[in-house]
Amino acid sequence: MSEEEEKAAEKQESPYQTRGFRFVIGTVASALLTGLASEMLNQSLDSGGWVQLIGLGVTVLLGAITIIQYGPAIRRSWQHSGDSAPELHATAEEAEQWMIALGSHGGGMAAAEWYALHEEWLRELLMAEKPHVDTIDDFARICDALEAWYVRRADPDALLQLSDLLNAAAEVCGRRDLAELAAARAATAYRMLGDLDTASTRLGISDNIATHTRTAAAMTTRRQVERALLSLARADRSPAGNDRDEAVLNARDRLDEARLKRPGPDLAADVAIAINLAVVHLYQQDAEGALDHLRPAVARATAASDLSGQAHALELMGVAAWMQGNKHEAVGRWDHAAHLYAEIDEVEGHARCLQHLGSAEVAAGHLTDALELLEQSAMLRRTESEILAKYLDAARQTADLPVVADDAPHRTVGWLGRVLTTLKGFVRPSV
């Protein structure tokens, strides 16, 4: 780039600067026109004949120019506040209520049904809505609600599109806090897609544009948990050895920091962090250490009427029991968790538990029962599972029994449903 081009780039004004300059000039011009019209009208009224008519004509002309210049903006403002804003606000209120009910004891099934019916409409509403400073918070609240649904449904593509929509709206409205959230949300989507490097890059972007408001601690905690999940994903890809051990230890450090620095008491956050710390212990083959986190997690989830958290903790308690050789207890935990997942229509969790139960039946030699459970799991799953396919082949007696040590009891990163993206207080920082 030449020196003249560099100077021109430095002089180029940002959209916000240009908009502000035009606003100032427009205000001054409007005041001058108003003053001129008023003076001419007064003079013309004091005169008679043609002077009076000319003065009135010029005043009408100046008024018409003002209406032409500012009328469309005023009309758009009236339309925006009169039509779109109330509808968007009402939709955001409803979506937020169902987001709170999602996975709960009282309204979990109803919430899942509401999302299934309204998800497409909510997404279309966001895509059609023009970003506006007066409605950006309601726009973001709808994004929060859809994020909870997409994470639960394991739909990273939709989650990434949601992040792009929020980021574009944040840029138009000058909301750095929402841009920070959008980048963190994109990191979650890329992790779910398996693109760990891009996920890490997006977390760095979220760090770089982070605001230092009273909600900064919540976003910092979210990033710490997301980095822990990235470390567990890397551990899942690594063979046993130093790299894997280092990744697991890094995840533990991140979760400990998130637990100690989380912003205020929050049962949902406590449950999520405890469950992910239990996963770390399972990676380390420390079943008893995992149970030390899972027992209080079940109690807190029960107190919070969080059936989703309760089911996930019970599922992992079954994994820990299996690792300890307590197969009867493991089957009981998985069966309980499967019923809770079904009660709130959490399909992925239900499918996982059916797979656990089916694999246990395969190990016990009950192939008919195993085949029924595994086929139900395959029917419910949205994604393919290599280990599920192996157990299905074993149940059909077309392949040897998979080595249980290679199965999932400690390889749990694929079913870390308690991600902080769906937690109260960590969804969107308010200002």
# chains A, B, ... in the order shown; residues from 1 in each chain; ligands from 1
call {"tool": "residues_around", "arguments": {"residues": "stretch 188-205 of chain A", "least_positions_apart": "5", "cutoff": "10 Å", "atoms": "only C-alpha atoms", "output": "ChimeraX atom specification"}}
result
/A:147,150-151,154-163,179-183,210,222-224,226-227,229-231,233-234,414,419-421
call {"tool": "write_last_selection", "arguments": {"atoms": "C-alpha atoms", "output": "JSON list (two decimals), in the first residue's frame"}}
result
[["chain", "number", "residue", "atom", "x", "y", "z"],
["A", 147, "GLU", "CA", -28.87, -21.75, 21.92],
["A", 150, "TYR", "CA", -29.44, -26.34, 19.78],
["A", 151, "VAL", "CA", -26.93, -27.46, 22.39],
["A", 154, "ALA", "CA", -26.54, -31.37, 19.35],
["A", 155, "ASP", "CA", -27.05, -29.13, 16.30],
["A", 156, "PRO", "CA", -23.76, -27.21, 15.89],
["A", 157, "ASP", "CA", -24.57, -25.90, 12.40],
["A", 158, "ALA", "CA", -27.67, -24.12, 13.67],
["A", 159, "LEU", "CA", -25.72, -22.87, 16.68],
["A", 160, "LEU", "CA", -23.04, -21.40, 14.42],
["A", 161, "GLN", "CA", -25.65, -19.64, 12.31],
["A", 162, "LEU", "CA", -27.14, -18.23, 15.51],
["A", 163, "SER", "CA", -23.73, -16.91, 16.53],
["A", 179, "ALA", "CA", -20.11, -9.63, 20.22],
["A", 180, "GLU", "CA", -18.10, -11.20, 23.05],
["A", 181, "LEU", "CA", -20.91, -13.69, 23.67],
["A", 182, "ALA", "CA", -21.31, -14.44, 19.95],
["A", 183, "ALA", "CA", -17.63, -15.38, 19.67],
["A", 210, "ALA", "CA", -14.27, -8.73, 26.33],
["A", 222, "ARG", "CA", -18.04, -19.56, 30.46],
["A", 223, "ARG", "CA", -14.76, -19.34, 28.56],
["A", 224, "GLN", "CA", -12.95, -21.31, 31.26],
["A", 226, "GLU", "CA", -15.38, -24.11, 27.27],
["A", 227, "ARG", "CA", -11.59, -24.39, 27.36],
["A", 229, "LEU", "CA", -14.24, -29.05, 27.33],
["A", 230, "LEU", "CA", -11.77, -28.38, 24.50],
["A", 231, "SER", "CA", -9.04, -30.00, 26.59],
["A", 233, "ALA", "CA", -11.95, -33.25, 23.48],
["A", 234, "ARG", "CA", -8.20, -33.23, 22.78],
["A", 414, "GLY", "CA", -19.07, -36.98, 23.43],
["A", 419, "VAL", "CA", -22.33, -27.34, 29.02],
["A", 420, "LEU", "CA", -22.48, -23.89, 30.58],
["A", 421, "THR", "CA", -23.98, -22.42, 27.45]]
call {"tool": "select_by_dssp", "arguments": {"residues": "stretch 140-289 of chain A", "states": "helix (DSSP H, G or I)", "output": "ChimeraX atom specification"}}
result
/A:140-152,156-173,176-193,196-208,216-237,242-261,267-283,287-289
call {"tool": "residues_around", "arguments": {"residues": "stretch 371-383 of chain A", "least_positions_apart": "3", "cutoff": "6 Å", "atoms": "only C-alpha atoms", "output": "ChimeraX atom specification"}}
result
/A:351,354-355,358,367-368,395
call {"tool": "residues_around", "arguments": {"residues": "A:Leu126", "least_positions_apart": "4", "cutoff": "10 Å", "atoms": "only C-alpha atoms", "output": "MDAnalysis selection string"}}
result
chainID A and resid 88 121:122 130:131 139:140 142:143 162 165:166 169
call {"tool": "write_last_selection", "arguments": {"atoms": "N, CA, C and O atoms", "output": "short mmCIF file (atom, residue, chain, number, x, y, z; two decimals), in the first residue's frame"}}
result
data_model
loop_
_atom_site.label_atom_id
_atom_site.label_comp_id
_atom_site.auth_asym_id
_atom_site.auth_seq_id
_atom_site.Cartn_x
_atom_site.Cartn_y
_atom_site.Cartn_z
N LEU A 88 -41.52 -8.44 19.18
CA LEU A 88 -40.24 -9.06 19.51
C LEU A 88 -40.10 -9.22 21.02
O LEU A 88 -39.60 -10.25 21.50
N TRP A 121 -39.77 -20.96 13.36
CA TRP A 121 -40.36 -19.62 13.34
C TRP A 121 -39.46 -18.61 14.06
O TRP A 121 -39.27 -17.48 13.59
N LEU A 122 -38.88 -19.01 15.20
CA LEU A 122 -37.98 -18.12 15.93
C LEU A 122 -36.76 -17.77 15.08
O LEU A 122 -36.32 -16.61 15.04
N LYS A 130 -34.48 -6.43 11.57
CA LYS A 130 -33.39 -5.50 11.35
C LYS A 130 -32.84 -5.05 12.72
O LYS A 130 -33.61 -4.60 13.56
N PRO A 131 -31.54 -5.19 12.94
CA PRO A 131 -30.97 -4.83 14.24
C PRO A 131 -31.26 -3.38 14.60
O PRO A 131 -31.14 -2.48 13.76
N PHE A 139 -33.74 -9.33 20.95
CA PHE A 139 -33.14 -10.15 19.90
C PHE A 139 -32.18 -11.16 20.53
O PHE A 139 -32.20 -12.36 20.22
N ALA A 140 -31.35 -10.68 21.46
CA ALA A 140 -30.35 -11.54 22.10
C ALA A 140 -31.00 -12.58 23.00
O ALA A 140 -30.52 -13.71 23.11
N ILE A 142 -33.85 -14.07 22.52
CA ILE A 142 -34.33 -15.15 21.66
C ILE A 142 -33.16 -16.03 21.23
O ILE A 142 -33.27 -17.26 21.16
N CYS A 143 -32.02 -15.40 20.95
CA CYS A 143 -30.82 -16.17 20.63
C CYS A 143 -30.43 -17.09 21.78
O CYS A 143 -30.03 -18.25 21.57
N LEU A 162 -26.63 -19.10 14.46
CA LEU A 162 -27.14 -18.23 15.51
C LEU A 162 -26.07 -17.27 15.99
O LEU A 162 -26.32 -16.07 16.21
N LEU A 165 -25.66 -14.48 13.43
CA LEU A 165 -26.75 -13.50 13.51
C LEU A 165 -26.54 -12.54 14.67
O LEU A 165 -26.71 -11.32 14.52
N LEU A 166 -26.17 -13.06 15.82
CA LEU A 166 -25.96 -12.21 16.98
C LEU A 166 -24.77 -11.29 16.78
O LEU A 166 -24.80 -10.11 17.15
N ALA A 169 -25.76 -8.40 14.47
CA ALA A 169 -26.61 -7.44 15.17
C ALA A 169 -25.79 -6.64 16.18
O ALA A 169 -26.00 -5.42 16.34
#
call {"tool": "residues_around", "arguments": {"residues": "A:Val248", "least_positions_apart": "6", "cutoff": "9 Å", "atoms": "only C-alpha atoms", "output": "PDB file with C-alpha atoms, in the first residue's frame"}}
result
ATOM      1  CA  ALA A 228     -11.924 -27.306  29.777  1.00  0.00           C
ATOM      2  CA  SER A 231      -9.038 -29.997  26.590  1.00  0.00           C
ATOM      3  CA  LEU A 232     -11.222 -33.052  27.199  1.00  0.00           C
ATOM      4  CA  ARG A 234      -8.203 -33.232  22.784  1.00  0.00           C
ATOM      5  CA  ALA A 235      -7.707 -35.899  25.429  1.00  0.00           C
ATOM      6  CA  VAL A 280     -12.069 -35.471  34.514  1.00  0.00           C
ATOM      7  CA  HIS A 281     -11.824 -38.061  37.306  1.00  0.00           C
ATOM      8  CA  TYR A 283     -10.641 -39.961  32.447  1.00  0.00           C
ATOM      9  CA  GLN A 284      -8.096 -40.490  35.218  1.00  0.00           C
TER      10      GLN A 284
END
call {"tool": "closest_residue", "arguments": {"among": "A:Ile100, A:Leu277, A:Val362, A:Cys173", "to": "A:Ala145", "atoms": "only C-alpha atoms"}}
result
A:Ile100
call {"tool": "residues_around", "arguments": {"residues": "A:Asp335", "least_positions_apart": "2", "cutoff": "8 Å", "atoms": "only C-alpha atoms", "output": "MDAnalysis selection string"}}
result
chainID A and resid 331:333 337:339 353:354 357
call {"tool": "atom_distance", "arguments": {"atom1": "atom CA of A:Gln285", "atom2": "atom CA of A:Gln324"}}
result
9.6 Å
call {"tool": "atom_distance", "arguments": {"atom1": "atom CA of A:Met323", "atom2": "atom CA of A:Ala287"}}
result
6.6 Å
call {"tool": "residues_around", "arguments": {"residues": "A:Ala290", "least_positions_apart": "3", "cutoff": "9 Å", "atoms": "only C-alpha atoms", "output": "list of chain:residue names"}}
result
A:Ala274, A:Ile275, A:Leu277, A:Ala278, A:Val279, A:Val280, A:His281, A:Leu282, A:Gln285, A:Asp286, A:Ala287, A:His293, A:Leu294, A:Arg295, A:Leu316, A:Met317, A:Ala320
call {"tool": "write_last_selection", "arguments": {"atoms": "N, CA, C and O atoms", "output": "PDB file, in the first residue's frame"}}
result
ATOM      1  N   ALA A 274     -19.600 -29.491  38.616  1.00  0.00           N
ATOM      2  CA  ALA A 274     -19.360 -30.750  39.330  1.00  0.00           C
ATOM      3  C   ALA A 274     -19.377 -31.934  38.369  1.00  0.00           C
ATOM      4  O   ALA A 274     -18.539 -32.856  38.465  1.00  0.00           O
ATOM      5  N   ILE A 275     -20.319 -31.940  37.426  1.00  0.00           N
ATOM      6  CA  ILE A 275     -20.403 -33.045  36.464  1.00  0.00           C
ATOM      7  C   ILE A 275     -19.160 -33.092  35.589  1.00  0.00           C
ATOM      8  O   ILE A 275     -18.596 -34.172  35.343  1.00  0.00           O
ATOM      9  N   LEU A 277     -16.178 -31.927  36.336  1.00  0.00           N
ATOM     10  CA  LEU A 277     -15.058 -32.365  37.169  1.00  0.00           C
ATOM     11  C   LEU A 277     -15.105 -33.888  37.361  1.00  0.00           C
ATOM     12  O   LEU A 277     -14.053 -34.553  37.395  1.00  0.00           O
ATOM     13  N   ALA A 278     -16.306 -34.438  37.469  1.00  0.00           N
ATOM     14  CA  ALA A 278     -16.432 -35.890  37.564  1.00  0.00           C
ATOM     15  C   ALA A 278     -15.914 -36.560  36.300  1.00  0.00           C
ATOM     16  O   ALA A 278     -15.263 -37.614  36.358  1.00  0.00           O
ATOM     17  N   VAL A 279     -16.187 -35.947  35.146  1.00  0.00           N
ATOM     18  CA  VAL A 279     -15.685 -36.493  33.882  1.00  0.00           C
ATOM     19  C   VAL A 279     -14.161 -36.536  33.889  1.00  0.00           C
ATOM     20  O   VAL A 279     -13.547 -37.509  33.437  1.00  0.00           O
ATOM     21  N   VAL A 280     -13.528 -35.487  34.412  1.00  0.00           N
ATOM     22  CA  VAL A 280     -12.069 -35.471  34.514  1.00  0.00           C
ATOM     23  C   VAL A 280     -11.581 -36.665  35.331  1.00  0.00           C
ATOM     24  O   VAL A 280     -10.633 -37.360  34.949  1.00  0.00           O
ATOM     25  N   HIS A 281     -12.233 -36.927  36.466  1.00  0.00           N
ATOM     26  CA  HIS A 281     -11.824 -38.061  37.306  1.00  0.00           C
ATOM     27  C   HIS A 281     -12.036 -39.397  36.585  1.00  0.00           C
ATOM     28  O   HIS A 281     -11.243 -40.328  36.744  1.00  0.00           O
ATOM     29  N   LEU A 282     -13.090 -39.486  35.781  1.00  0.00           N
ATOM     30  CA  LEU A 282     -13.314 -40.715  35.027  1.00  0.00           C
ATOM     31  C   LEU A 282     -12.228 -40.930  33.986  1.00  0.00           C
ATOM     32  O   LEU A 282     -11.787 -42.055  33.745  1.00  0.00           O
ATOM     33  N   GLN A 285      -9.390 -42.540  35.512  1.00  0.00           N
ATOM     34  CA  GLN A 285      -9.711 -43.843  36.084  1.00  0.00           C
ATOM     35  C   GLN A 285      -9.937 -43.777  37.592  1.00  0.00           C
ATOM     36  O   GLN A 285      -9.719 -44.752  38.313  1.00  0.00           O
ATOM     37  N   ASP A 286     -10.389 -42.644  38.062  1.00  0.00           N
ATOM     38  CA  ASP A 286     -10.642 -42.423  39.484  1.00  0.00           C
ATOM     39  C   ASP A 286     -12.154 -42.386  39.706  1.00  0.00           C
ATOM     40  O   ASP A 286     -12.767 -41.322  39.787  1.00  0.00           O
ATOM     41  N   ALA A 287     -12.759 -43.555  39.804  1.00  0.00           N
ATOM     42  CA  ALA A 287     -14.210 -43.632  39.930  1.00  0.00           C
ATOM     43  C   ALA A 287     -14.689 -43.020  41.240  1.00  0.00           C
ATOM     44  O   ALA A 287     -15.716 -42.324  41.269  1.00  0.00           O
ATOM     45  N   HIS A 293     -17.898 -35.898  43.362  1.00  0.00           N
ATOM     46  CA  HIS A 293     -18.522 -34.741  42.715  1.00  0.00           C
ATOM     47  C   HIS A 293     -19.962 -35.031  42.302  1.00  0.00           C
ATOM     48  O   HIS A 293     -20.807 -34.132  42.309  1.00  0.00           O
ATOM     49  N   LEU A 294     -20.254 -36.275  41.936  1.00  0.00           N
ATOM     50  CA  LEU A 294     -21.568 -36.604  41.401  1.00  0.00           C
ATOM     51  C   LEU A 294     -22.647 -36.672  42.475  1.00  0.00           C
ATOM     52  O   LEU A 294     -23.800 -36.306  42.215  1.00  0.00           O
ATOM     53  N   ARG A 295     -22.295 -37.130  43.669  1.00  0.00           N
ATOM     54  CA  ARG A 295     -23.312 -37.212  44.729  1.00  0.00           C
ATOM     55  C   ARG A 295     -23.880 -35.840  45.067  1.00  0.00           C
ATOM     56  O   ARG A 295     -25.114 -35.667  45.086  1.00  0.00           O
ATOM     57  N   LEU A 316     -23.550 -40.698  34.788  1.00  0.00           N
ATOM     58  CA  LEU A 316     -22.118 -40.814  35.077  1.00  0.00           C
ATOM     59  C   LEU A 316     -21.860 -41.654  36.321  1.00  0.00           C
ATOM     60  O   LEU A 316     -20.819 -42.326  36.414  1.00  0.00           O
ATOM     61  N   MET A 317     -22.776 -41.629  37.282  1.00  0.00           N
ATOM     62  CA  MET A 317     -22.628 -42.512  38.441  1.00  0.00           C
ATOM     63  C   MET A 317     -22.688 -43.976  37.999  1.00  0.00           C
ATOM     64  O   MET A 317     -22.000 -44.842  38.555  1.00  0.00           O
ATOM     65  N   ALA A 320     -19.253 -44.735  36.652  1.00  0.00           N
ATOM     66  CA  ALA A 320     -18.314 -44.964  37.751  1.00  0.00           C
ATOM     67  C   ALA A 320     -18.531 -46.336  38.392  1.00  0.00           C
ATOM     68  O   ALA A 320     -17.568 -47.054  38.709  1.00  0.00           O
TER      69      ALA A 320
END
call {"tool": "atom_distance", "arguments": {"atom1": "atom CA of A:Ala95", "atom2": "atom CA of A:Met127"}}
result
16.2 Å
